[in-house]
>>> print(open('target-v4.pdb').read())   # PDB, C-alpha atoms
ATOM      1  CA  MET A   1     268.318   6.423 197.603  1.00  0.00           C
ATOM      2  CA  VAL A   2     266.246   9.575 197.095  1.00  0.00           C
ATOM      3  CA  ALA A   3     266.075  11.202 193.671  1.00  0.00           C
ATOM      4  CA  PRO A   4     267.943  14.524 193.752  1.00  0.00           C
ATOM      5  CA  SER A   5     266.026  17.688 192.961  1.00  0.00           C
ATOM      6  CA  PRO A   6     267.052  18.742 189.442  1.00  0.00           C
ATOM      7  CA  VAL A   7     268.155  22.322 188.788  1.00  0.00           C
ATOM      8  CA  THR A   8     265.894  22.262 185.735  1.00  0.00           C
ATOM      9  CA  ASP A   9     262.639  24.221 186.005  1.00  0.00           C
ATOM     10  CA  LEU A  10     259.762  22.450 184.283  1.00  0.00           C
ATOM     11  CA  SER A  11     256.969  24.471 185.855  1.00  0.00           C
ATOM     12  CA  GLY A  12     253.925  24.576 183.583  1.00  0.00           C
ATOM     13  CA  ARG A  13     255.293  21.860 181.291  1.00  0.00           C
ATOM     14  CA  VAL A  14     253.463  18.613 180.571  1.00  0.00           C
ATOM     15  CA  VAL A  15     255.499  15.416 180.316  1.00  0.00           C
ATOM     16  CA  VAL A  16     254.268  11.911 179.448  1.00  0.00           C
ATOM     17  CA  ILE A  17     256.371   8.929 180.545  1.00  0.00           C
ATOM     18  CA  THR A  18     255.459   5.506 179.190  1.00  0.00           C
ATOM     19  CA  GLY A  19     256.238   2.688 181.581  1.00  0.00           C
ATOM     20  CA  GLY A  20     256.337   5.387 184.242  1.00  0.00           C
ATOM     21  CA  ASN A  21     254.890   3.136 186.918  1.00  0.00           C
ATOM     22  CA  GLY A  22     258.160   1.444 187.814  1.00  0.00           C
ATOM     23  CA  GLY A  23     261.890   1.109 187.266  1.00  0.00           C
ATOM     24  CA  ILE A  24     263.715   3.661 185.149  1.00  0.00           C
ATOM     25  CA  GLY A  25     260.438   5.225 184.006  1.00  0.00           C
ATOM     26  CA  LEU A  26     259.417   5.985 187.580  1.00  0.00           C
ATOM     27  CA  GLY A  27     262.881   7.399 188.268  1.00  0.00           C
ATOM     28  CA  ILE A  28     262.502   9.756 185.310  1.00  0.00           C
ATOM     29  CA  ALA A  29     258.990  10.686 186.429  1.00  0.00           C
ATOM     30  CA  LYS A  30     260.341  11.606 189.872  1.00  0.00           C
ATOM     31  CA  GLY A  31     262.891  13.917 188.300  1.00  0.00           C
ATOM     32  CA  CYS A  32     260.226  15.633 186.234  1.00  0.00           C
ATOM     33  CA  VAL A  33     257.793  16.174 189.104  1.00  0.00           C
ATOM     34  CA  LEU A  34     260.565  17.447 191.366  1.00  0.00           C
ATOM     35  CA  ALA A  35     261.402  19.960 188.635  1.00  0.00           C
ATOM     36  CA  GLY A  36     257.789  21.148 188.692  1.00  0.00           C
ATOM     37  CA  ALA A  37     256.297  19.443 185.641  1.00  0.00           C
ATOM     38  CA  ASP A  38     252.764  18.169 185.270  1.00  0.00           C
ATOM     39  CA  VAL A  39     253.272  14.459 184.632  1.00  0.00           C
ATOM     40  CA  MET A  40     251.195  11.712 183.078  1.00  0.00           C
ATOM     41  CA  ILE A  41     252.497   8.169 183.540  1.00  0.00           C
ATOM     42  CA  TRP A  42     251.360   5.272 181.386  1.00  0.00           C
ATOM     43  CA  GLY A  43     251.526   1.600 182.302  1.00  0.00           C
ATOM     44  CA  ARG A  44     249.749  -1.734 182.048  1.00  0.00           C
ATOM     45  CA  ASN A  45     249.837  -2.893 185.679  1.00  0.00           C
ATOM     46  CA  THR A  46     246.973  -1.174 187.493  1.00  0.00           C
ATOM     47  CA  ASP A  47     248.338  -1.768 191.011  1.00  0.00           C
ATOM     48  CA  LYS A  48     251.779  -0.444 190.074  1.00  0.00           C
ATOM     49  CA  LEU A  49     250.176   2.566 188.400  1.00  0.00           C
ATOM     50  CA  ALA A  50     248.236   3.442 191.529  1.00  0.00           C
ATOM     51  CA  ALA A  51     251.297   3.037 193.773  1.00  0.00           C
ATOM     52  CA  ALA A  52     253.483   5.116 191.456  1.00  0.00           C
ATOM     53  CA  GLU A  53     250.829   7.811 191.203  1.00  0.00           C
ATOM     54  CA  ARG A  54     250.651   8.078 195.002  1.00  0.00           C
ATOM     55  CA  GLU A  55     254.430   8.287 195.297  1.00  0.00           C
ATOM     56  CA  LEU A  56     254.710  10.963 192.616  1.00  0.00           C
ATOM     57  CA  ILE A  57     251.883  13.030 194.120  1.00  0.00           C
ATOM     58  CA  SER A  58     253.781  13.075 197.419  1.00  0.00           C
ATOM     59  CA  LEU A  59     256.738  14.696 195.627  1.00  0.00           C
ATOM     60  CA  ALA A  60     254.930  16.821 193.080  1.00  0.00           C
ATOM     61  CA  LYS A  61     254.703  20.568 192.732  1.00  0.00           C
ATOM     62  CA  GLY A  62     252.397  20.174 189.725  1.00  0.00           C
ATOM     63  CA  ARG A  63     249.706  17.730 188.679  1.00  0.00           C
ATOM     64  CA  VAL A  64     250.189  13.969 188.450  1.00  0.00           C
ATOM     65  CA  LEU A  65     247.927  11.616 186.524  1.00  0.00           C
ATOM     66  CA  ALA A  66     248.164   7.927 185.670  1.00  0.00           C
ATOM     67  CA  GLN A  67     246.575   6.159 182.724  1.00  0.00           C
ATOM     68  CA  HIS A  68     246.285   2.469 181.877  1.00  0.00           C
ATOM     69  CA  ILE A  69     247.829   2.269 178.408  1.00  0.00           C
ATOM     70  CA  ASP A  70     249.258  -0.728 176.563  1.00  0.00           C
ATOM     71  CA  VAL A  71     251.716   0.865 174.122  1.00  0.00           C
ATOM     72  CA  SER A  72     251.529  -2.167 171.825  1.00  0.00           C
ATOM     73  CA  SER A  73     247.990  -0.995 170.970  1.00  0.00           C
ATOM     74  CA  GLU A  74     247.979   1.737 168.339  1.00  0.00           C
ATOM     75  CA  GLU A  75     244.448   2.733 169.310  1.00  0.00           C
ATOM     76  CA  GLN A  76     245.238   3.036 173.027  1.00  0.00           C
ATOM     77  CA  VAL A  77     248.328   5.149 172.347  1.00  0.00           C
ATOM     78  CA  ASP A  78     246.525   7.522 169.989  1.00  0.00           C
ATOM     79  CA  SER A  79     243.534   7.969 172.286  1.00  0.00           C
ATOM     80  CA  GLY A  80     245.820   8.253 175.311  1.00  0.00           C
ATOM     81  CA  MET A  81     247.781  11.101 173.750  1.00  0.00           C
ATOM     82  CA  THR A  82     244.528  12.898 172.999  1.00  0.00           C
ATOM     83  CA  ASP A  83     243.448  12.386 176.609  1.00  0.00           C
ATOM     84  CA  VAL A  84     246.699  13.897 177.887  1.00  0.00           C
ATOM     85  CA  ILE A  85     246.008  17.168 176.099  1.00  0.00           C
ATOM     86  CA  GLY A  86     242.381  17.072 177.200  1.00  0.00           C
ATOM     87  CA  SER A  87     243.333  16.495 180.844  1.00  0.00           C
ATOM     88  CA  LEU A  88     246.455  18.641 181.160  1.00  0.00           C
ATOM     89  CA  GLY A  89     245.851  21.203 178.439  1.00  0.00           C
ATOM     90  CA  ARG A  90     248.973  20.741 176.354  1.00  0.00           C
ATOM     91  CA  LEU A  91     251.957  18.496 175.621  1.00  0.00           C
ATOM     92  CA  ASP A  92     255.622  19.434 175.930  1.00  0.00           C
ATOM     93  CA  ALA A  93     257.578  16.193 176.106  1.00  0.00           C
ATOM     94  CA  VAL A  94     257.238  12.434 175.874  1.00  0.00           C
ATOM     95  CA  VAL A  95     259.657   9.870 177.272  1.00  0.00           C
ATOM     96  CA  ALA A  96     259.215   6.564 175.434  1.00  0.00           C
ATOM     97  CA  ASN A  97     260.435   4.209 178.129  1.00  0.00           C
ATOM     98  CA  ALA A  98     257.958   1.296 178.147  1.00  0.00           C
ATOM     99  CA  GLY A  99     259.591  -2.009 177.370  1.00  0.00           C
ATOM    100  CA  VAL A 100     259.757  -5.687 178.186  1.00  0.00           C
ATOM    101  CA  SER A 101     262.524  -8.252 178.289  1.00  0.00           C
ATOM    102  CA  ALA A 102     262.549 -12.016 177.890  1.00  0.00           C
ATOM    103  CA  GLN A 103     264.219 -14.918 179.633  1.00  0.00           C
ATOM    104  CA  PRO A 104     267.609 -15.727 178.067  1.00  0.00           C
ATOM    105  CA  ILE A 105     267.079 -18.287 175.328  1.00  0.00           C
ATOM    106  CA  PRO A 106     269.661 -19.721 172.899  1.00  0.00           C
ATOM    107  CA  PHE A 107     269.173 -18.013 169.546  1.00  0.00           C
ATOM    108  CA  ILE A 108     268.339 -21.190 167.639  1.00  0.00           C
ATOM    109  CA  GLU A 109     265.597 -21.976 170.158  1.00  0.00           C
ATOM    110  CA  GLN A 110     263.904 -18.554 170.024  1.00  0.00           C
ATOM    111  CA  THR A 111     260.455 -18.782 168.486  1.00  0.00           C
ATOM    112  CA  THR A 112     258.771 -16.451 166.062  1.00  0.00           C
ATOM    113  CA  GLU A 113     256.025 -15.874 168.619  1.00  0.00           C
ATOM    114  CA  GLN A 114     258.563 -14.781 171.249  1.00  0.00           C
ATOM    115  CA  TRP A 115     260.210 -12.429 168.760  1.00  0.00           C
ATOM    116  CA  HIS A 116     256.920 -10.781 167.803  1.00  0.00           C
ATOM    117  CA  ALA A 117     255.695 -10.501 171.402  1.00  0.00           C
ATOM    118  CA  LEU A 118     258.770  -8.540 172.416  1.00  0.00           C
ATOM    119  CA  GLN A 119     258.824  -6.336 169.313  1.00  0.00           C
ATOM    120  CA  ALA A 120     255.120  -5.533 169.803  1.00  0.00           C
ATOM    121  CA  VAL A 121     256.002  -3.559 172.934  1.00  0.00           C
ATOM    122  CA  ASN A 122     259.602  -2.459 172.397  1.00  0.00           C
ATOM    123  CA  ALA A 123     259.474  -1.632 168.682  1.00  0.00           C
ATOM    124  CA  ASP A 124     255.813  -1.162 167.732  1.00  0.00           C
ATOM    125  CA  GLY A 125     255.056   0.551 171.045  1.00  0.00           C
ATOM    126  CA  LEU A 126     257.945   2.958 170.565  1.00  0.00           C
ATOM    127  CA  PHE A 127     256.779   3.742 167.031  1.00  0.00           C
ATOM    128  CA  PHE A 128     253.161   4.328 168.062  1.00  0.00           C
ATOM    129  CA  THR A 129     254.201   6.499 171.014  1.00  0.00           C
ATOM    130  CA  LEU A 130     256.669   8.702 169.144  1.00  0.00           C
ATOM    131  CA  ARG A 131     254.392   9.076 166.127  1.00  0.00           C
ATOM    132  CA  ALA A 132     251.436  10.188 168.257  1.00  0.00           C
ATOM    133  CA  ALA A 133     253.669  12.526 170.250  1.00  0.00           C
ATOM    134  CA  ALA A 134     255.239  14.066 167.150  1.00  0.00           C
ATOM    135  CA  ARG A 135     251.834  14.642 165.572  1.00  0.00           C
ATOM    136  CA  SER A 136     250.610  16.400 168.711  1.00  0.00           C
ATOM    137  CA  LEU A 137     253.726  18.531 169.108  1.00  0.00           C
ATOM    138  CA  ILE A 138     253.759  19.579 165.452  1.00  0.00           C
ATOM    139  CA  GLN A 139     250.074  20.496 165.587  1.00  0.00           C
ATOM    140  CA  GLN A 140     250.641  22.471 168.783  1.00  0.00           C
ATOM    141  CA  GLY A 141     253.441  24.347 167.024  1.00  0.00           C
ATOM    142  CA  GLU A 142     255.544  25.244 170.067  1.00  0.00           C
ATOM    143  CA  GLY A 143     258.344  22.692 169.812  1.00  0.00           C
ATOM    144  CA  GLY A 144     259.051  20.127 172.495  1.00  0.00           C
ATOM    145  CA  ALA A 145     261.162  17.116 173.353  1.00  0.00           C
ATOM    146  CA  LEU A 146     261.099  13.396 172.630  1.00  0.00           C
ATOM    147  CA  VAL A 147     263.252  11.013 174.631  1.00  0.00           C
ATOM    148  CA  GLY A 148     263.797   7.342 173.823  1.00  0.00           C
ATOM    149  CA  VAL A 149     265.131   4.816 176.327  1.00  0.00           C
ATOM    150  CA  SER A 150     267.491   2.279 174.788  1.00  0.00           C
ATOM    151  CA  SER A 151     269.979  -0.071 176.479  1.00  0.00           C
ATOM    152  CA  THR A 152     273.661  -0.905 176.412  1.00  0.00           C
ATOM    153  CA  SER A 153     272.466  -4.189 174.901  1.00  0.00           C
ATOM    154  CA  ALA A 154     272.232  -2.173 171.687  1.00  0.00           C
ATOM    155  CA  ILE A 155     275.971  -1.457 171.905  1.00  0.00           C
ATOM    156  CA  HIS A 156     277.626  -4.694 173.005  1.00  0.00           C
ATOM    157  CA  GLY A 157     276.855  -8.306 172.187  1.00  0.00           C
ATOM    158  CA  ALA A 158     273.816  -9.625 174.031  1.00  0.00           C
ATOM    159  CA  PRO A 159     273.889 -13.438 173.839  1.00  0.00           C
ATOM    160  CA  MET A 160     270.530 -15.187 174.146  1.00  0.00           C
ATOM    161  CA  ALA A 161     268.803 -11.772 174.074  1.00  0.00           C
ATOM    162  CA  GLN A 162     269.050 -10.812 170.418  1.00  0.00           C
ATOM    163  CA  SER A 163     265.396  -9.834 170.115  1.00  0.00           C
ATOM    164  CA  TYR A 164     265.742  -7.416 173.033  1.00  0.00           C
ATOM    165  CA  ALA A 165     269.025  -6.016 171.714  1.00  0.00           C
ATOM    166  CA  ALA A 166     267.515  -5.532 168.258  1.00  0.00           C
ATOM    167  CA  SER A 167     264.563  -3.620 169.693  1.00  0.00           C
ATOM    168  CA  LYS A 168     266.872  -1.347 171.680  1.00  0.00           C
ATOM    169  CA  ALA A 169     269.141  -0.751 168.679  1.00  0.00           C
ATOM    170  CA  GLY A 170     265.986   0.333 166.888  1.00  0.00           C
ATOM    171  CA  VAL A 171     265.473   3.039 169.528  1.00  0.00           C
ATOM    172  CA  LEU A 172     268.848   4.529 168.602  1.00  0.00           C
ATOM    173  CA  ALA A 173     268.043   4.462 164.906  1.00  0.00           C
ATOM    174  CA  ILE A 174     264.600   6.031 165.105  1.00  0.00           C
ATOM    175  CA  MET A 175     265.722   8.746 167.523  1.00  0.00           C
ATOM    176  CA  ARG A 176     268.626   9.711 165.251  1.00  0.00           C
ATOM    177  CA  GLY A 177     266.262  10.017 162.317  1.00  0.00           C
ATOM    178  CA  LEU A 178     263.718  11.999 164.302  1.00  0.00           C
ATOM    179  CA  ALA A 179     266.393  14.403 165.545  1.00  0.00           C
ATOM    180  CA  VAL A 180     267.111  15.358 161.937  1.00  0.00           C
ATOM    181  CA  GLU A 181     263.539  15.339 160.650  1.00  0.00           C
ATOM    182  CA  LEU A 182     261.854  17.157 163.533  1.00  0.00           C
ATOM    183  CA  ALA A 183     264.496  19.836 164.136  1.00  0.00           C
ATOM    184  CA  ARG A 184     262.644  22.251 161.867  1.00  0.00           C
ATOM    185  CA  HIS A 185     259.681  21.980 164.241  1.00  0.00           C
ATOM    186  CA  ASN A 186     261.936  22.782 167.240  1.00  0.00           C
ATOM    187  CA  ILE A 187     261.414  19.274 168.583  1.00  0.00           C
ATOM    188  CA  ARG A 188     264.541  17.867 170.226  1.00  0.00           C
ATOM    189  CA  CYS A 189     265.092  14.108 170.136  1.00  0.00           C
ATOM    190  CA  ASN A 190     267.601  12.410 172.432  1.00  0.00           C
ATOM    191  CA  THR A 191     268.197   8.951 173.849  1.00  0.00           C
ATOM    192  CA  ILE A 192     269.072   7.566 177.270  1.00  0.00           C
ATOM    193  CA  VAL A 193     271.143   4.370 177.147  1.00  0.00           C
ATOM    194  CA  PRO A 194     270.981   2.619 180.541  1.00  0.00           C
ATOM    195  CA  GLY A 195     273.394  -0.015 181.732  1.00  0.00           C
ATOM    196  CA  TRP A 196     272.699  -2.610 184.400  1.00  0.00           C
ATOM    197  CA  THR A 197     269.999  -1.126 186.610  1.00  0.00           C
ATOM    198  CA  GLU A 198     268.089  -2.548 189.571  1.00  0.00           C
ATOM    199  CA  THR A 199     264.530  -2.951 188.304  1.00  0.00           C
ATOM    200  CA  GLU A 200     261.846  -5.593 188.364  1.00  0.00           C
ATOM    201  CA  MET A 201     262.887  -6.539 184.827  1.00  0.00           C
ATOM    202  CA  THR A 202     266.483  -7.287 185.842  1.00  0.00           C
ATOM    203  CA  GLU A 203     265.617  -9.148 189.056  1.00  0.00           C
ATOM    204  CA  PRO A 204     266.476 -12.603 187.580  1.00  0.00           C
ATOM    205  CA  GLY A 205     269.987 -11.403 186.747  1.00  0.00           C
ATOM    206  CA  ARG A 206     270.514  -9.966 190.219  1.00  0.00           C
ATOM    207  CA  ARG A 207     269.518 -13.282 191.767  1.00  0.00           C
ATOM    208  CA  ASN A 208     272.416 -14.940 189.919  1.00  0.00           C
ATOM    209  CA  ALA A 209     275.319 -14.278 192.304  1.00  0.00           C
ATOM    210  CA  LYS A 210     278.005 -15.079 189.725  1.00  0.00           C
ATOM    211  CA  PHE A 211     276.467 -12.804 187.115  1.00  0.00           C
ATOM    212  CA  LEU A 212     275.903  -9.997 189.615  1.00  0.00           C
ATOM    213  CA  ALA A 213     279.524 -10.185 190.786  1.00  0.00           C
ATOM    214  CA  ALA A 214     280.860 -10.228 187.229  1.00  0.00           C
ATOM    215  CA  THR A 215     278.859  -7.232 186.051  1.00  0.00           C
ATOM    216  CA  THR A 216     279.509  -5.245 189.221  1.00  0.00           C
ATOM    217  CA  SER A 217     283.267  -5.861 189.124  1.00  0.00           C
ATOM    218  CA  ARG A 218     283.351  -4.685 185.498  1.00  0.00           C
ATOM    219  CA  THR A 219     281.524  -1.464 186.415  1.00  0.00           C
ATOM    220  CA  PRO A 220     284.036   1.219 187.485  1.00  0.00           C
ATOM    221  CA  ILE A 221     281.532   2.708 189.966  1.00  0.00           C
ATOM    222  CA  ARG A 222     281.220  -0.812 191.441  1.00  0.00           C
ATOM    223  CA  ARG A 223     277.458  -0.981 191.647  1.00  0.00           C
ATOM    224  CA  TRP A 224     274.413  -1.344 189.422  1.00  0.00           C
ATOM    225  CA  GLY A 225     272.339   1.717 188.742  1.00  0.00           C
ATOM    226  CA  VAL A 226     269.058   2.405 190.506  1.00  0.00           C
ATOM    227  CA  PRO A 227     265.991   4.136 189.041  1.00  0.00           C
ATOM    228  CA  ASP A 228     266.694   7.371 190.923  1.00  0.00           C
ATOM    229  CA  ASP A 229     269.962   7.672 188.975  1.00  0.00           C
ATOM    230  CA  PHE A 230     267.809   8.624 185.988  1.00  0.00           C
ATOM    231  CA  ALA A 231     265.805  11.393 187.650  1.00  0.00           C
ATOM    232  CA  ALA A 232     267.995  14.387 186.889  1.00  0.00           C
ATOM    233  CA  ILE A 233     268.916  13.322 183.349  1.00  0.00           C
ATOM    234  CA  GLY A 234     265.250  12.752 182.516  1.00  0.00           C
ATOM    235  CA  ALA A 235     264.331  16.245 183.638  1.00  0.00           C
ATOM    236  CA  TYR A 236     267.331  17.695 181.815  1.00  0.00           C
ATOM    237  CA  LEU A 237     266.431  16.129 178.481  1.00  0.00           C
ATOM    238  CA  VAL A 238     262.915  17.613 178.499  1.00  0.00           C
ATOM    239  CA  ASP A 239     264.106  21.087 179.561  1.00  0.00           C
ATOM    240  CA  PRO A 240     262.635  23.494 176.960  1.00  0.00           C
ATOM    241  CA  THR A 241     265.569  25.901 177.261  1.00  0.00           C
ATOM    242  CA  LEU A 242     268.046  23.413 175.750  1.00  0.00           C
ATOM    243  CA  MET A 243     267.014  23.888 172.125  1.00  0.00           C
ATOM    244  CA  TYR A 244     270.493  23.229 170.656  1.00  0.00           C
ATOM    245  CA  HIS A 245     270.807  19.765 172.225  1.00  0.00           C
ATOM    246  CA  THR A 246     269.412  17.097 169.937  1.00  0.00           C
ATOM    247  CA  GLY A 247     270.438  13.802 168.377  1.00  0.00           C
ATOM    248  CA  ASP A 248     272.420  12.801 171.465  1.00  0.00           C
ATOM    249  CA  GLU A 249     272.778   9.395 173.121  1.00  0.00           C
ATOM    250  CA  ILE A 250     273.592   9.625 176.823  1.00  0.00           C
ATOM    251  CA  VAL A 251     274.969   6.429 178.355  1.00  0.00           C
ATOM    252  CA  LEU A 252     274.270   5.919 182.075  1.00  0.00           C
ATOM    253  CA  ASP A 253     276.058   2.723 182.997  1.00  0.00           C
ATOM    254  CA  GLY A 254     278.612   3.577 185.694  1.00  0.00           C
ATOM    255  CA  GLY A 255     281.358   3.257 183.079  1.00  0.00           C
ATOM    256  CA  TYR A 256     280.498  -0.352 182.158  1.00  0.00           C
ATOM    257  CA  THR A 257     280.884   0.126 178.395  1.00  0.00           C
ATOM    258  CA  ARG A 258     284.192   1.968 178.828  1.00  0.00           C
ATOM    259  CA  PHE A 259     285.997  -0.688 180.892  1.00  0.00           C
TER     260      PHE A 259
END
>>> encode(input="target-v4.pdb", output="structure tokens")
Amino acid sequence: MVAPSPVTDLSGRVVVITGGNGGIGLGIAKGCVLAGADVMIWGRNTDKLAAAERELISLAKGRVLAQHIDVSSEEQVDSGMTDVIGSLGRLDAVVANAGVSAQPIPFIEQTTEQWHALQAVNADGLFFTLRAAARSLIQQGEGGALVGVSSTSAIHGAPMAQSYAASKAGVLAIMRGLAVELARHNIRCNTIVPGWTETEMTEPGRRNAKFLAATTSRTPIRRWGVPDDFAAIGAYLVDPTLMYHTGDEIVLDGGYTRF
């Protein structure tokens, strides 16, 4: 599947996508570059970063850069945001997409170490990213957009994945608060809530034929999502002309949570 070209025009805009080297993040990055944005992707896997950068450059109308950033490191996030402005001249939007999952584990067997390891990326990383982005956008004084990527695990019960669900529920909470607090700075804050999507992270679930059949049959569109399904919505949410759209949570799950 090829990401459709969005009708949004992001020419001259600078967008940072964390976890932009694969999965949903790469899908969003494709949408932004096809709309003309200058894009910086962050990720931890150097090989995936290089491959994603090459793919995005082949589609891009603007500039594409990749940076090795571990969002669980406050120092790397802060310095990385400074580098974005130094390299691309400004900042207009940040999509906080980076996240990790864990193997399903019965709740009573989940360890404190496992809990903290997941929250370090999904919760702390989100906080560091959005804080650095908000500081930069406020200082720049021209408004902008922040986008968080949550999960339908934050909406329905997620057995044996409570730490992941909690981290994704936190995305909803912080984005709601930011939408209210940052509105006076003309910074819009919205959330994408993906359903079952074909990514490296969800590969174990797709290998389970019974689980795949059950989730697909419950999805009215009768398939899992793919990263390119998020291209147009990613570009839309960072469109600077949509200044009245904030505090929203857009579910992309093929109807899964409605059936």
>>> resolve_selection(input="target-v4.pdb", expression="the PyMOL selection byres ((chain A and resi 124) around 12)", output="compact mmCIF listing (two decimals) with C-alpha atoms, keeping the file's coordinate frame")
# COMPACT_ATOMS: atom_id res chain seq x y z
CA ASP A 70 249.26 -0.73 176.56
CA VAL A 71 251.72 0.86 174.12
CA SER A 72 251.53 -2.17 171.82
CA SER A 73 247.99 -1.00 170.97
CA GLU A 74 247.98 1.74 168.34
CA VAL A 77 248.33 5.15 172.35
CA ALA A 96 259.21 6.56 175.43
CA ALA A 98 257.96 1.30 178.15
CA GLY A 99 259.59 -2.01 177.37
CA HIS A 116 256.92 -10.78 167.80
CA ALA A 117 255.70 -10.50 171.40
CA LEU A 118 258.77 -8.54 172.42
CA GLN A 119 258.82 -6.34 169.31
CA ALA A 120 255.12 -5.53 169.80
CA VAL A 121 256.00 -3.56 172.93
CA ASN A 122 259.60 -2.46 172.40
CA ALA A 123 259.47 -1.63 168.68
CA GLY A 125 255.06 0.55 171.04
CA LEU A 126 257.94 2.96 170.56
CA PHE A 127 256.78 3.74 167.03
CA PHE A 128 253.16 4.33 168.06
CA THR A 129 254.20 6.50 171.01
CA LEU A 130 256.67 8.70 169.14
CA ARG A 131 254.39 9.08 166.13
CA SER A 167 264.56 -3.62 169.69
CA LYS A 168 266.87 -1.35 171.68
CA GLY A 170 265.99 0.33 166.89
CA VAL A 171 265.47 3.04 169.53
CA ILE A 174 264.60 6.03 165.10
>>> residues_around(input="target-v4.pdb", residues="A:Ala173", least_positions_apart="6", cutoff="12 Å", atoms="all atoms listed in the file", output="tab-separated table (two decimals) with C-alpha atoms, keeping the file's coordinate frame")
chain	number	residue	atom	x	y	z
A	123	ALA	CA	259.47	-1.63	168.68
A	126	LEU	CA	257.94	2.96	170.56
A	127	PHE	CA	256.78	3.74	167.03
A	148	GLY	CA	263.80	7.34	173.82
A	149	VAL	CA	265.13	4.82	176.33
A	150	SER	CA	267.49	2.28	174.79
A	154	ALA	CA	272.23	-2.17	171.69
A	166	ALA	CA	267.52	-5.53	168.26
A	167	SER	CA	264.56	-3.62	169.69
A	179	ALA	CA	266.39	14.40	165.54
A	180	VAL	CA	267.11	15.36	161.94
A	189	CYS	CA	265.09	14.11	170.14
A	190	ASN	CA	267.60	12.41	172.43
A	191	THR	CA	268.20	8.95	173.85
A	247	GLY	CA	270.44	13.80	168.38
A	248	ASP	CA	272.42	12.80	171.46
A	249	GLU	CA	272.78	9.40	173.12
>>> resolve_selection(input="target-v4.pdb", expression="the PyMOL selection byres ((chain A and resi 45) around 10)", output="list in words")
Gly19, Asn21, Gly22, Trp42, Gly43, Arg44, Thr46, Asp47, Lys48, Leu49, Ala50, His68, Ile69 and Asp70 of chain A
>>> write_last_selection(input="target-v4.pdb", atoms="C-alpha atoms", output="PDB file, in the frame of the given file")
ATOM      1  CA  GLY A  19     256.238   2.688 181.581  1.00  0.00           C
ATOM      2  CA  ASN A  21     254.890   3.136 186.918  1.00  0.00           C
ATOM      3  CA  GLY A  22     258.160   1.444 187.814  1.00  0.00           C
ATOM      4  CA  TRP A  42     251.360   5.272 181.386  1.00  0.00           C
ATOM      5  CA  GLY A  43     251.526   1.600 182.302  1.00  0.00           C
ATOM      6  CA  ARG A  44     249.749  -1.734 182.048  1.00  0.00           C
ATOM      7  CA  THR A  46     246.973  -1.174 187.493  1.00  0.00           C
ATOM      8  CA  ASP A  47     248.338  -1.768 191.011  1.00  0.00           C
ATOM      9  CA  LYS A  48     251.779  -0.444 190.074  1.00  0.00           C
ATOM     10  CA  LEU A  49     250.176   2.566 188.400  1.00  0.00           C
ATOM     11  CA  ALA A  50     248.236   3.442 191.529  1.00  0.00           C
ATOM     12  CA  HIS A  68     246.285   2.469 181.877  1.00  0.00           C
ATOM     13  CA  ILE A  69     247.829   2.269 178.408  1.00  0.00           C
ATOM     14  CA  ASP A  70     249.258  -0.728 176.563  1.00  0.00           C
TER      15      ASP A  70
END
>>> atom_distance(input="target-v4.pdb", atom1="atom CA of A:Leu65", atom2="atom CA of A:Ile41")
6.5 Å
>>> atom_distance(input="target-v4.pdb", atom1="atom CA of A:Ser11", atom2="atom CA of A:Ala37")
5.1 Å
